[in-house]
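*Asks:* Pasting run_10.txt here (compact mmCIF, N, CA and C atoms):
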# COMPACT_ATOMS: atom_id res chain seq x y z
N MET A 30 44.22 -26.90 -69.31
CA MET A 30 42.94 -27.55 -69.07
C MET A 30 42.80 -27.97 -67.61
N LEU A 31 43.89 -28.44 -67.03
CA LEU A 31 43.86 -28.84 -65.62
C LEU A 31 43.57 -27.63 -64.73
N ALA A 32 44.24 -26.54 -64.99
CA ALA A 32 44.05 -25.32 -64.19
C ALA A 32 42.63 -24.77 -64.33
N ASP A 33 42.03 -24.97 -65.50
CA ASP A 33 40.68 -24.47 -65.73
C ASP A 33 39.59 -25.46 -65.32
N GLY A 34 39.98 -26.61 -64.75
CA GLY A 34 39.00 -27.61 -64.32
C GLY A 34 38.44 -28.45 -65.45
N GLU A 35 39.05 -28.38 -66.62
CA GLU A 35 38.58 -29.15 -67.77
C GLU A 35 39.22 -30.54 -67.84
N ALA A 36 40.17 -30.82 -66.96
CA ALA A 36 40.82 -32.13 -66.88
C ALA A 36 41.08 -32.44 -65.42
N ASP A 37 41.10 -33.72 -65.08
CA ASP A 37 41.35 -34.14 -63.70
C ASP A 37 42.81 -34.46 -63.43
N ALA A 38 43.57 -34.71 -64.49
CA ALA A 38 44.97 -35.08 -64.31
C ALA A 38 45.75 -34.73 -65.57
N PHE A 39 47.06 -34.70 -65.41
CA PHE A 39 47.97 -34.39 -66.51
C PHE A 39 49.25 -35.17 -66.28
N ALA A 40 49.69 -35.93 -67.26
CA ALA A 40 50.90 -36.75 -67.12
C ALA A 40 51.99 -36.25 -68.05
N THR A 41 53.16 -36.06 -67.49
CA THR A 41 54.36 -35.72 -68.25
C THR A 41 55.56 -35.95 -67.35
N ASP A 42 56.71 -35.59 -67.79
CA ASP A 42 57.95 -35.71 -67.02
C ASP A 42 57.77 -35.01 -65.67
N ASP A 43 58.20 -35.66 -64.59
CA ASP A 43 57.99 -35.08 -63.26
C ASP A 43 58.63 -33.71 -63.09
N ILE A 44 59.79 -33.51 -63.65
CA ILE A 44 60.45 -32.21 -63.56
C ILE A 44 59.58 -31.13 -64.21
N LEU A 45 58.96 -31.45 -65.34
CA LEU A 45 58.08 -30.49 -65.99
C LEU A 45 56.85 -30.22 -65.14
N LEU A 46 56.29 -31.25 -64.52
CA LEU A 46 55.13 -31.07 -63.66
C LEU A 46 55.45 -30.14 -62.49
N TYR A 47 56.56 -30.40 -61.82
CA TYR A 47 56.93 -29.54 -60.69
C TYR A 47 57.19 -28.11 -61.15
N GLY A 48 57.79 -27.93 -62.32
CA GLY A 48 58.03 -26.60 -62.86
C GLY A 48 56.74 -25.86 -63.17
N LEU A 49 55.78 -26.56 -63.76
CA LEU A 49 54.48 -25.94 -64.07
C LEU A 49 53.76 -25.54 -62.78
N ILE A 50 53.82 -26.39 -61.78
CA ILE A 50 53.18 -26.05 -60.50
C ILE A 50 53.85 -24.83 -59.88
N ALA A 51 55.19 -24.79 -59.92
CA ALA A 51 55.93 -23.67 -59.32
C ALA A 51 55.56 -22.34 -59.96
N GLN A 52 55.18 -22.36 -61.22
CA GLN A 52 54.86 -21.12 -61.93
C GLN A 52 53.40 -20.72 -61.79
N HIS A 53 52.57 -21.60 -61.25
CA HIS A 53 51.13 -21.31 -61.18
C HIS A 53 50.80 -20.54 -59.90
N ARG A 54 49.91 -19.58 -60.00
CA ARG A 54 49.56 -18.75 -58.83
C ARG A 54 48.83 -19.53 -57.75
N SER A 55 48.18 -20.61 -58.10
CA SER A 55 47.45 -21.43 -57.13
C SER A 55 48.14 -22.79 -56.94
N GLN A 56 49.39 -22.74 -56.53
CA GLN A 56 50.20 -23.96 -56.41
C GLN A 56 49.56 -25.02 -55.53
N SER A 57 48.88 -24.62 -54.49
CA SER A 57 48.30 -25.58 -53.54
C SER A 57 47.20 -26.43 -54.16
N ARG A 58 46.70 -26.05 -55.31
CA ARG A 58 45.64 -26.83 -55.98
C ARG A 58 46.18 -28.06 -56.70
N PHE A 59 47.50 -28.15 -56.88
CA PHE A 59 48.09 -29.20 -57.69
C PHE A 59 49.08 -30.03 -56.90
N LYS A 60 49.19 -31.30 -57.27
CA LYS A 60 50.10 -32.20 -56.57
C LYS A 60 50.56 -33.29 -57.54
N VAL A 61 51.84 -33.62 -57.50
CA VAL A 61 52.37 -34.72 -58.30
C VAL A 61 52.17 -35.99 -57.48
N VAL A 62 51.46 -36.96 -58.05
CA VAL A 62 51.12 -38.19 -57.31
C VAL A 62 51.36 -39.43 -58.16
N GLY A 63 51.31 -40.57 -57.51
CA GLY A 63 51.35 -41.85 -58.21
C GLY A 63 52.76 -42.33 -58.52
N GLU A 64 52.79 -43.49 -59.10
CA GLU A 64 54.05 -44.12 -59.49
C GLU A 64 54.55 -43.49 -60.79
N PHE A 65 55.85 -43.56 -61.00
CA PHE A 65 56.42 -43.12 -62.27
C PHE A 65 55.89 -44.01 -63.39
N LEU A 66 55.54 -43.43 -64.51
CA LEU A 66 55.15 -44.22 -65.68
C LEU A 66 56.38 -44.76 -66.39
N SER A 67 57.49 -44.06 -66.25
CA SER A 67 58.78 -44.51 -66.79
C SER A 67 59.87 -43.83 -65.98
N TYR A 68 61.09 -44.30 -66.14
CA TYR A 68 62.21 -43.67 -65.47
C TYR A 68 63.24 -43.32 -66.53
N ASP A 69 63.50 -42.05 -66.70
CA ASP A 69 64.43 -41.57 -67.70
C ASP A 69 65.49 -40.71 -67.03
N PRO A 70 66.65 -41.29 -66.74
CA PRO A 70 67.69 -40.52 -66.05
C PRO A 70 68.24 -39.40 -66.92
N TYR A 71 68.68 -38.34 -66.28
CA TYR A 71 69.31 -37.22 -66.97
C TYR A 71 70.81 -37.48 -67.04
N GLY A 72 71.47 -36.79 -67.92
CA GLY A 72 72.91 -36.95 -68.06
C GLY A 72 73.58 -35.63 -68.35
N ILE A 73 74.88 -35.68 -68.39
CA ILE A 73 75.68 -34.51 -68.75
C ILE A 73 76.32 -34.82 -70.10
N ALA A 74 76.09 -33.95 -71.07
CA ALA A 74 76.62 -34.18 -72.41
C ALA A 74 77.77 -33.23 -72.69
N PHE A 75 78.79 -33.76 -73.35
CA PHE A 75 79.89 -32.95 -73.83
C PHE A 75 80.51 -33.66 -75.03
N ARG A 76 81.36 -32.95 -75.74
CA ARG A 76 81.93 -33.51 -76.98
C ARG A 76 82.73 -34.78 -76.72
N ARG A 77 82.72 -35.65 -77.71
CA ARG A 77 83.55 -36.85 -77.69
C ARG A 77 85.01 -36.47 -77.81
N ASN A 78 85.83 -37.45 -77.50
CA ASN A 78 87.28 -37.27 -77.67
C ASN A 78 87.81 -36.09 -76.87
N GLU A 79 87.24 -35.90 -75.69
CA GLU A 79 87.72 -34.88 -74.75
C GLU A 79 88.04 -35.59 -73.45
N PRO A 80 89.08 -36.43 -73.43
CA PRO A 80 89.34 -37.24 -72.24
C PRO A 80 89.60 -36.42 -70.98
N ASP A 81 90.23 -35.27 -71.11
CA ASP A 81 90.49 -34.44 -69.93
C ASP A 81 89.19 -33.89 -69.36
N LEU A 82 88.31 -33.44 -70.24
CA LEU A 82 87.01 -32.93 -69.78
C LEU A 82 86.20 -34.06 -69.16
N HIS A 83 86.17 -35.20 -69.81
CA HIS A 83 85.44 -36.36 -69.29
C HIS A 83 85.93 -36.72 -67.89
N ALA A 84 87.24 -36.80 -67.72
CA ALA A 84 87.81 -37.14 -66.41
C ALA A 84 87.48 -36.08 -65.37
N SER A 85 87.54 -34.82 -65.77
CA SER A 85 87.26 -33.73 -64.84
C SER A 85 85.80 -33.75 -64.36
N VAL A 86 84.86 -33.93 -65.30
CA VAL A 86 83.44 -33.97 -64.95
C VAL A 86 83.16 -35.18 -64.07
N GLU A 87 83.67 -36.33 -64.46
CA GLU A 87 83.45 -37.55 -63.67
C GLU A 87 84.01 -37.41 -62.26
N ARG A 88 85.22 -36.86 -62.13
CA ARG A 88 85.84 -36.67 -60.82
C ARG A 88 85.04 -35.69 -59.97
N ALA A 89 84.57 -34.59 -60.58
CA ALA A 89 83.81 -33.59 -59.83
C ALA A 89 82.50 -34.17 -59.30
N VAL A 90 81.77 -34.87 -60.15
CA VAL A 90 80.50 -35.46 -59.72
C VAL A 90 80.74 -36.52 -58.66
N ARG A 91 81.74 -37.38 -58.87
CA ARG A 91 82.05 -38.42 -57.88
C ARG A 91 82.38 -37.80 -56.52
N ASN A 92 83.19 -36.74 -56.52
CA ASN A 92 83.56 -36.08 -55.26
C ASN A 92 82.35 -35.45 -54.58
N LEU A 93 81.44 -34.86 -55.35
CA LEU A 93 80.23 -34.29 -54.77
C LEU A 93 79.38 -35.37 -54.09
N VAL A 94 79.29 -36.52 -54.71
CA VAL A 94 78.49 -37.61 -54.16
C VAL A 94 79.17 -38.20 -52.93
N ILE A 95 80.46 -38.47 -53.00
CA ILE A 95 81.19 -39.08 -51.88
C ILE A 95 81.14 -38.17 -50.65
N ALA A 96 81.33 -36.88 -50.84
CA ALA A 96 81.32 -35.92 -49.73
C ALA A 96 79.91 -35.56 -49.28
N ARG A 97 78.90 -36.06 -49.99
CA ARG A 97 77.48 -35.77 -49.75
C ARG A 97 77.16 -34.28 -49.95
N ASP A 98 78.06 -33.54 -50.61
CA ASP A 98 77.79 -32.14 -50.94
C ASP A 98 76.66 -32.03 -51.96
N ILE A 99 76.44 -33.09 -52.70
CA ILE A 99 75.37 -33.09 -53.71
C ILE A 99 74.01 -32.86 -53.05
N ASP A 100 73.84 -33.32 -51.81
CA ASP A 100 72.57 -33.15 -51.11
C ASP A 100 72.24 -31.67 -50.90
N ALA A 101 73.22 -30.90 -50.44
CA ALA A 101 73.00 -29.46 -50.20
C ALA A 101 72.76 -28.72 -51.51
N ILE A 102 73.50 -29.09 -52.54
CA ILE A 102 73.32 -28.44 -53.84
C ILE A 102 71.93 -28.76 -54.38
N TYR A 103 71.53 -30.02 -54.28
CA TYR A 103 70.20 -30.41 -54.75
C TYR A 103 69.12 -29.64 -53.98
N ALA A 104 69.25 -29.59 -52.66
CA ALA A 104 68.26 -28.89 -51.84
C ALA A 104 68.17 -27.42 -52.22
N LYS A 105 69.31 -26.79 -52.49
CA LYS A 105 69.32 -25.37 -52.84
C LYS A 105 68.54 -25.10 -54.12
N TRP A 106 68.68 -25.95 -55.14
CA TRP A 106 68.10 -25.65 -56.44
C TRP A 106 66.77 -26.34 -56.71
N PHE A 107 66.45 -27.40 -55.98
CA PHE A 107 65.22 -28.13 -56.27
C PHE A 107 64.23 -28.20 -55.12
N GLU A 108 64.66 -27.90 -53.90
CA GLU A 108 63.76 -27.98 -52.75
C GLU A 108 63.54 -26.64 -52.06
N SER A 109 64.43 -25.69 -52.27
CA SER A 109 64.36 -24.38 -51.61
C SER A 109 63.81 -23.32 -52.57
N ARG A 110 63.47 -22.18 -52.01
CA ARG A 110 62.99 -21.07 -52.84
C ARG A 110 64.15 -20.55 -53.68
N LEU A 111 63.90 -20.36 -54.96
CA LEU A 111 64.91 -19.88 -55.88
C LEU A 111 65.01 -18.36 -55.83
N PRO A 112 66.10 -17.79 -56.38
CA PRO A 112 66.23 -16.33 -56.37
C PRO A 112 65.05 -15.60 -57.01
N ASN A 113 64.37 -16.23 -57.97
CA ASN A 113 63.23 -15.57 -58.62
C ASN A 113 61.93 -15.74 -57.83
N GLY A 114 62.01 -16.42 -56.67
CA GLY A 114 60.85 -16.60 -55.81
C GLY A 114 60.12 -17.91 -55.99
N GLU A 115 60.38 -18.63 -57.09
CA GLU A 115 59.72 -19.91 -57.32
C GLU A 115 60.31 -20.98 -56.41
N ARG A 116 59.51 -21.98 -56.16
CA ARG A 116 59.95 -23.11 -55.34
C ARG A 116 59.41 -24.37 -55.99
N PHE A 117 60.32 -25.26 -56.42
CA PHE A 117 59.92 -26.47 -57.11
C PHE A 117 59.45 -27.58 -56.16
N ASN A 118 60.05 -27.69 -54.99
CA ASN A 118 59.70 -28.76 -54.03
C ASN A 118 59.80 -30.14 -54.66
N ILE A 119 60.87 -30.40 -55.38
CA ILE A 119 61.06 -31.69 -56.05
C ILE A 119 61.90 -32.59 -55.15
N PRO A 120 61.31 -33.66 -54.64
CA PRO A 120 62.11 -34.57 -53.81
C PRO A 120 63.16 -35.28 -54.64
N MET A 121 64.29 -35.59 -54.00
CA MET A 121 65.34 -36.31 -54.70
C MET A 121 64.84 -37.71 -55.03
N SER A 122 65.18 -38.16 -56.20
CA SER A 122 64.76 -39.47 -56.67
C SER A 122 65.29 -40.58 -55.75
N PRO A 123 64.49 -41.60 -55.49
CA PRO A 123 64.99 -42.74 -54.71
C PRO A 123 66.17 -43.42 -55.39
N ALA A 124 66.31 -43.25 -56.69
CA ALA A 124 67.40 -43.86 -57.43
C ALA A 124 68.72 -43.14 -57.17
N ALA A 125 68.66 -41.93 -56.59
CA ALA A 125 69.88 -41.17 -56.33
C ALA A 125 70.58 -41.78 -55.18
What would you get if you wrote out this structure as structure tokens?

*Replies:*
Amino acid sequence: MLADGEADAFATDDILLYGLIAQHRSQSRFKVVGEFLSYDPYGIAFRRNEPDLHASVERAVRNLVIARDIDAIYAKWFESRLPNGERFNIPMSPAA
């Protein structure tokens, strides 16, 4: 409806909004604006009672953040053009 001019705005998860814009042929017509209506952090899920896996994932993420390597990885997948040609242009959350 938004693309057809039948609606002035559309609210949903910001990641979904950026993904929908990236897939639309007229990307410049759309913009994610305003304050967040809610904040729902993402997580990494894995089976319980896997202490080695838990420690490994936690250590890997911590090391990426401490070394600031997470910034380059984030930029590659969320701010740069992807291998399929799409570009999400999703700024990193201020909470990061």

*Asks:* If you run DSSP on the backbone here, which positions in range 32-116 of chain A get alpha helix (DSSP H)? Please write them as a PyMOL selection string.

*Replies:* chain A and resi 43-52+80-95+98-103

*Asks:* Using all atoms listed in the file, which of A:Ala89, A:Ala51, A:Ala38, A:Leu45 sits nearest Glu115 in chain A?

*Replies:*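 Ranking A:Ala89, A:Ala51, A:Ala38, A:Leu45 by distance to Glu115 in chain A, first place goes to A:Ala51.
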
*Asks:* Neighbours of range 98-107 of chain A within 5 Å (only N, CA and C atoms; same-chain residues fewer than 4 positions away dropped), as an MDAnalysis selection string?

*Replies:* chainID A and resid 93:94 117:119

*Asks:* Would you compute the distance between atom C of Asp33 in chain A and atom N of His53 in chain A? Give it in Å to one decimal.

*Replies:*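 Atom N of His53 in chain A lies at a distance of 14.1 Å from atom C of Asp33 in chain A.
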
*Asks:* How many Å separate atom C of Phe39 in chain A from atom C of Ala74 in chain A?

*Replies:* 29.3 Å

*Asks:* Between CA of Leu46 in chain A and CA of Leu111 in chain A, what is the spacing in Å?

*Replies:* 16.8 Å
